[in-house]
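Novice: Here you go, my_file.txt (compact mmCIF, C-alpha atoms):
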```txt
# COMPACT_ATOMS: atom_id res chain seq x y z
CA MET A 92 -48.88 -143.02 122.25
CA ASN A 93 -45.20 -143.49 121.64
CA ASN A 94 -43.02 -141.91 124.37
CA TYR A 95 -40.67 -140.58 121.71
CA ILE A 96 -43.56 -138.68 120.13
CA LEU A 97 -44.45 -137.16 123.50
CA LEU A 98 -40.82 -136.17 124.06
CA PHE A 99 -40.65 -134.57 120.62
CA LEU A 100 -43.89 -132.65 121.22
CA PHE A 101 -42.62 -131.46 124.59
CA GLY A 102 -39.50 -130.21 122.81
CA VAL A 103 -41.70 -128.33 120.34
CA LEU A 104 -43.53 -126.78 123.28
CA LEU A 105 -40.22 -125.71 124.84
CA ALA A 106 -39.01 -124.22 121.58
CA ASN A 107 -42.18 -122.18 121.22
CA TYR A 108 -41.95 -120.90 124.77
CA SER A 109 -38.32 -119.95 124.22
CA GLN A 110 -39.36 -117.96 121.14
CA ILE A 111 -41.90 -116.09 123.28
CA LEU A 112 -39.17 -115.28 125.81
CA LEU A 113 -36.85 -114.02 123.08
CA LYS A 114 -39.65 -111.87 121.64
CA LYS A 115 -40.27 -110.40 125.11
CA ALA A 116 -36.58 -109.59 125.32
CA THR A 117 -36.73 -107.65 122.05
CA LEU A 118 -39.72 -105.60 123.23
CA GLN A 119 -37.78 -104.11 126.15
CA LYS A 120 -35.32 -101.22 126.18
CA TYR A 121 -31.87 -101.78 127.65
CA ASP A 122 -29.25 -99.35 128.87
CA SER A 123 -26.33 -101.28 127.32
CA LYS A 124 -25.58 -103.83 124.62
CA LEU A 125 -24.46 -106.30 127.28
CA ARG A 126 -27.83 -106.11 129.05
CA GLU A 127 -29.56 -106.48 125.69
CA TYR A 128 -27.96 -109.88 125.12
CA ALA A 129 -27.38 -111.03 128.71
CA ASN A 130 -30.74 -110.79 130.42
CA ARG A 131 -32.99 -113.43 131.92
CA TYR A 132 -35.28 -113.74 128.88
CA VAL A 133 -32.41 -114.32 126.47
CA ILE A 134 -30.51 -116.70 128.75
CA ILE A 135 -33.57 -118.80 129.58
CA GLY A 136 -34.77 -118.70 125.96
CA TYR A 137 -31.52 -120.03 124.53
CA THR A 138 -31.21 -122.58 127.34
CA LEU A 139 -34.63 -123.94 126.39
CA PHE A 140 -33.53 -124.12 122.75
CA VAL A 141 -30.53 -126.26 123.77
CA ILE A 142 -32.75 -128.53 125.88
CA ASN A 143 -35.12 -128.82 122.91
CA ALA A 144 -32.24 -129.87 120.66
CA CYS A 145 -31.30 -132.60 123.14
CA PHE A 146 -34.90 -133.80 123.33
CA ASN A 147 -35.07 -133.89 119.53
CA LEU A 148 -31.94 -136.01 119.30
CA ILE A 149 -33.33 -138.49 121.79
CA ALA A 150 -36.81 -138.51 120.20
CA LEU A 151 -35.43 -139.12 116.70
CA LYS A 152 -34.15 -142.47 117.90
CA GLY A 153 -37.75 -143.66 118.15
CA ILE A 154 -39.59 -141.80 115.39
CA SER A 155 -38.95 -141.31 111.71
CA LEU A 156 -38.01 -137.99 110.15
CA ALA A 157 -41.32 -137.95 108.28
CA VAL A 158 -43.25 -138.13 111.55
CA ALA A 159 -40.94 -135.56 113.15
CA SER A 160 -41.48 -133.04 110.36
CA VAL A 161 -45.25 -133.40 110.66
CA LEU A 162 -45.11 -133.06 114.46
CA GLU A 163 -42.92 -129.97 114.07
CA SER A 164 -45.81 -128.28 112.26
CA CYS A 165 -47.67 -128.35 115.58
CA SER A 166 -45.44 -125.43 116.54
CA TYR A 167 -47.60 -123.09 114.42
CA ILE A 168 -50.66 -124.06 116.44
CA ILE A 169 -48.85 -123.70 119.75
CA MET A 170 -47.36 -120.36 118.72
CA LEU A 171 -50.82 -119.04 117.82
CA LEU A 172 -51.98 -119.78 121.37
CA PHE A 173 -48.78 -118.64 123.10
CA SER A 174 -48.64 -115.35 121.21
CA ARG A 175 -52.19 -114.63 122.31
CA LEU A 176 -51.63 -115.65 125.93
CA PHE A 177 -48.20 -114.15 126.57
CA LEU A 178 -47.97 -111.28 124.09
CA GLY A 179 -51.60 -110.31 123.65
CA GLU A 180 -51.43 -110.63 119.87
CA PRO A 181 -54.80 -110.93 118.14
CA ILE A 182 -55.99 -114.18 116.57
CA THR A 183 -57.14 -113.18 113.11
CA PRO A 184 -59.40 -115.20 110.80
CA ARG A 185 -56.43 -115.67 108.47
CA LYS A 186 -54.38 -117.26 111.28
CA VAL A 187 -57.29 -119.53 112.20
CA ILE A 188 -57.71 -120.68 108.58
CA GLY A 189 -53.98 -121.38 108.33
CA ASN A 190 -53.98 -123.41 111.52
CA VAL A 191 -57.07 -125.38 110.47
CA ILE A 192 -55.25 -126.30 107.25
CA ILE A 193 -52.22 -127.40 109.30
CA ILE A 194 -54.41 -129.52 111.59
CA CYS A 195 -56.07 -131.13 108.57
CA GLY A 196 -52.64 -131.95 107.16
CA ILE A 197 -51.53 -133.55 110.43
CA ILE A 198 -54.73 -135.63 110.60
CA ILE A 199 -54.38 -136.75 106.97
CA PHE A 200 -50.76 -137.76 107.59
CA PHE A 201 -51.62 -139.91 110.61
CA ILE A 202 -54.66 -141.61 109.03
CA LYS A 203 -53.44 -144.96 107.83
```
Since I need it in another form, could you write the structure as structure tokens?
Specialist:
Amino acid sequence: MNNYILLFLFGVLLANYSQILLKKATLQKYDSKLREYANRYVIIGYTLFVINACFNLIALKGISLAVASVLESCSYIIMLLFSRLFLGEPITPRKVIGNVIIICGIIIFFIK
């Protein structure tokens, strides 16, 4: 597999984890506005977003935008798993059907 694809997918993974951290930050109560925006979840979450942007820039040197947009759709699958693992959100049949459709689309795209 192309190293640029792996780098892009790792960036997608980082972006999804950073979204989980930001969601965790919103679920907590804070005693001040400063603490609401300057806490470990928010700082680490946005740092991971910046790292993801750098990875994307590097990865786009080796893959086309068409491939990148299809790989970006993997974030829905990752987020389904992360939201269950880290937030305890239920996996509903509707979510499963949606993710199966996404997986089918990814497979169809990469079949040559």
Novice: List the neighbours of Val187 of chain A out to 12 Å using all atoms listed in the file; skip same-chain residues closer than 4 positions along the sequence, and give me the result as a VMD selection string.
Specialist: chain A and resid 167 to 168 170 to 172 181 to 183 191 to 194
Novice: At what distance in Å, to one decimal, does atom CA of Phe101 of chain A lie from atom CA of Ala157 of chain A?
Specialist: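 Interatomic distance here is 17.6 Å.
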Novice: Neighbours of Ala116 of chain A within 8 Å (all atoms listed in the file; same-chain residues fewer than 2 positions away dropped), as a PDB file with C-alpha atoms, keeping the file's coordinate frame?
Specialist:
```pdb
ATOM      1  CA  LEU A 112     -39.170-115.280 125.810  1.00  0.00           C
ATOM      2  CA  LEU A 113     -36.850-114.020 123.080  1.00  0.00           C
ATOM      3  CA  LYS A 114     -39.650-111.870 121.640  1.00  0.00           C
ATOM      4  CA  LEU A 118     -39.720-105.600 123.230  1.00  0.00           C
ATOM      5  CA  GLN A 119     -37.780-104.110 126.150  1.00  0.00           C
ATOM      6  CA  GLU A 127     -29.560-106.480 125.690  1.00  0.00           C
ATOM      7  CA  ASN A 130     -30.740-110.790 130.420  1.00  0.00           C
ATOM      8  CA  TYR A 132     -35.280-113.740 128.880  1.00  0.00           C
ATOM      9  CA  VAL A 133     -32.410-114.320 126.470  1.00  0.00           C
TER      10      VAL A 133
END
```
Novice: Find the distance between atom CA of Ser166 of chain A and atom CA of Ile202 of chain A and write it in Å to one decimal.
Specialist: 20.1 Å
Novice: Write out as a PyMOL selection string which residues come within 12 Å of Phe99 of chain A when counting only C-alpha atoms, dropping same-chain ones fewer than 3 positions away.
Specialist: chain A and resi 92-96+102-106+142-156+158-166
Novice: How far is it from atom CA of Ile197 of chain A to atom CA of Leu139 of chain A, in Å with one decimal?
Specialist: 25.2 Å
Novice: Report, as JSON, the centre and edge lengths in Å (one decimal) of the axis-aligned box enclosing every listed atom of segment 121-138 of chain A, padded by 4 Å on each side.
Specialist:
```
{"center_x": -29.9, "center_y": -111.0, "center_z": 128.2, "size_x": 18.8, "size_y": 31.2, "size_z": 15.4}
```
Novice: In terms of the shortest atom-to-atom distance over only C-alpha atoms, which of A:Cys195, A:Leu125, A:Ile111, A:Ile169 is closest to Phe140 of chain A?
Specialist: A:Ile111
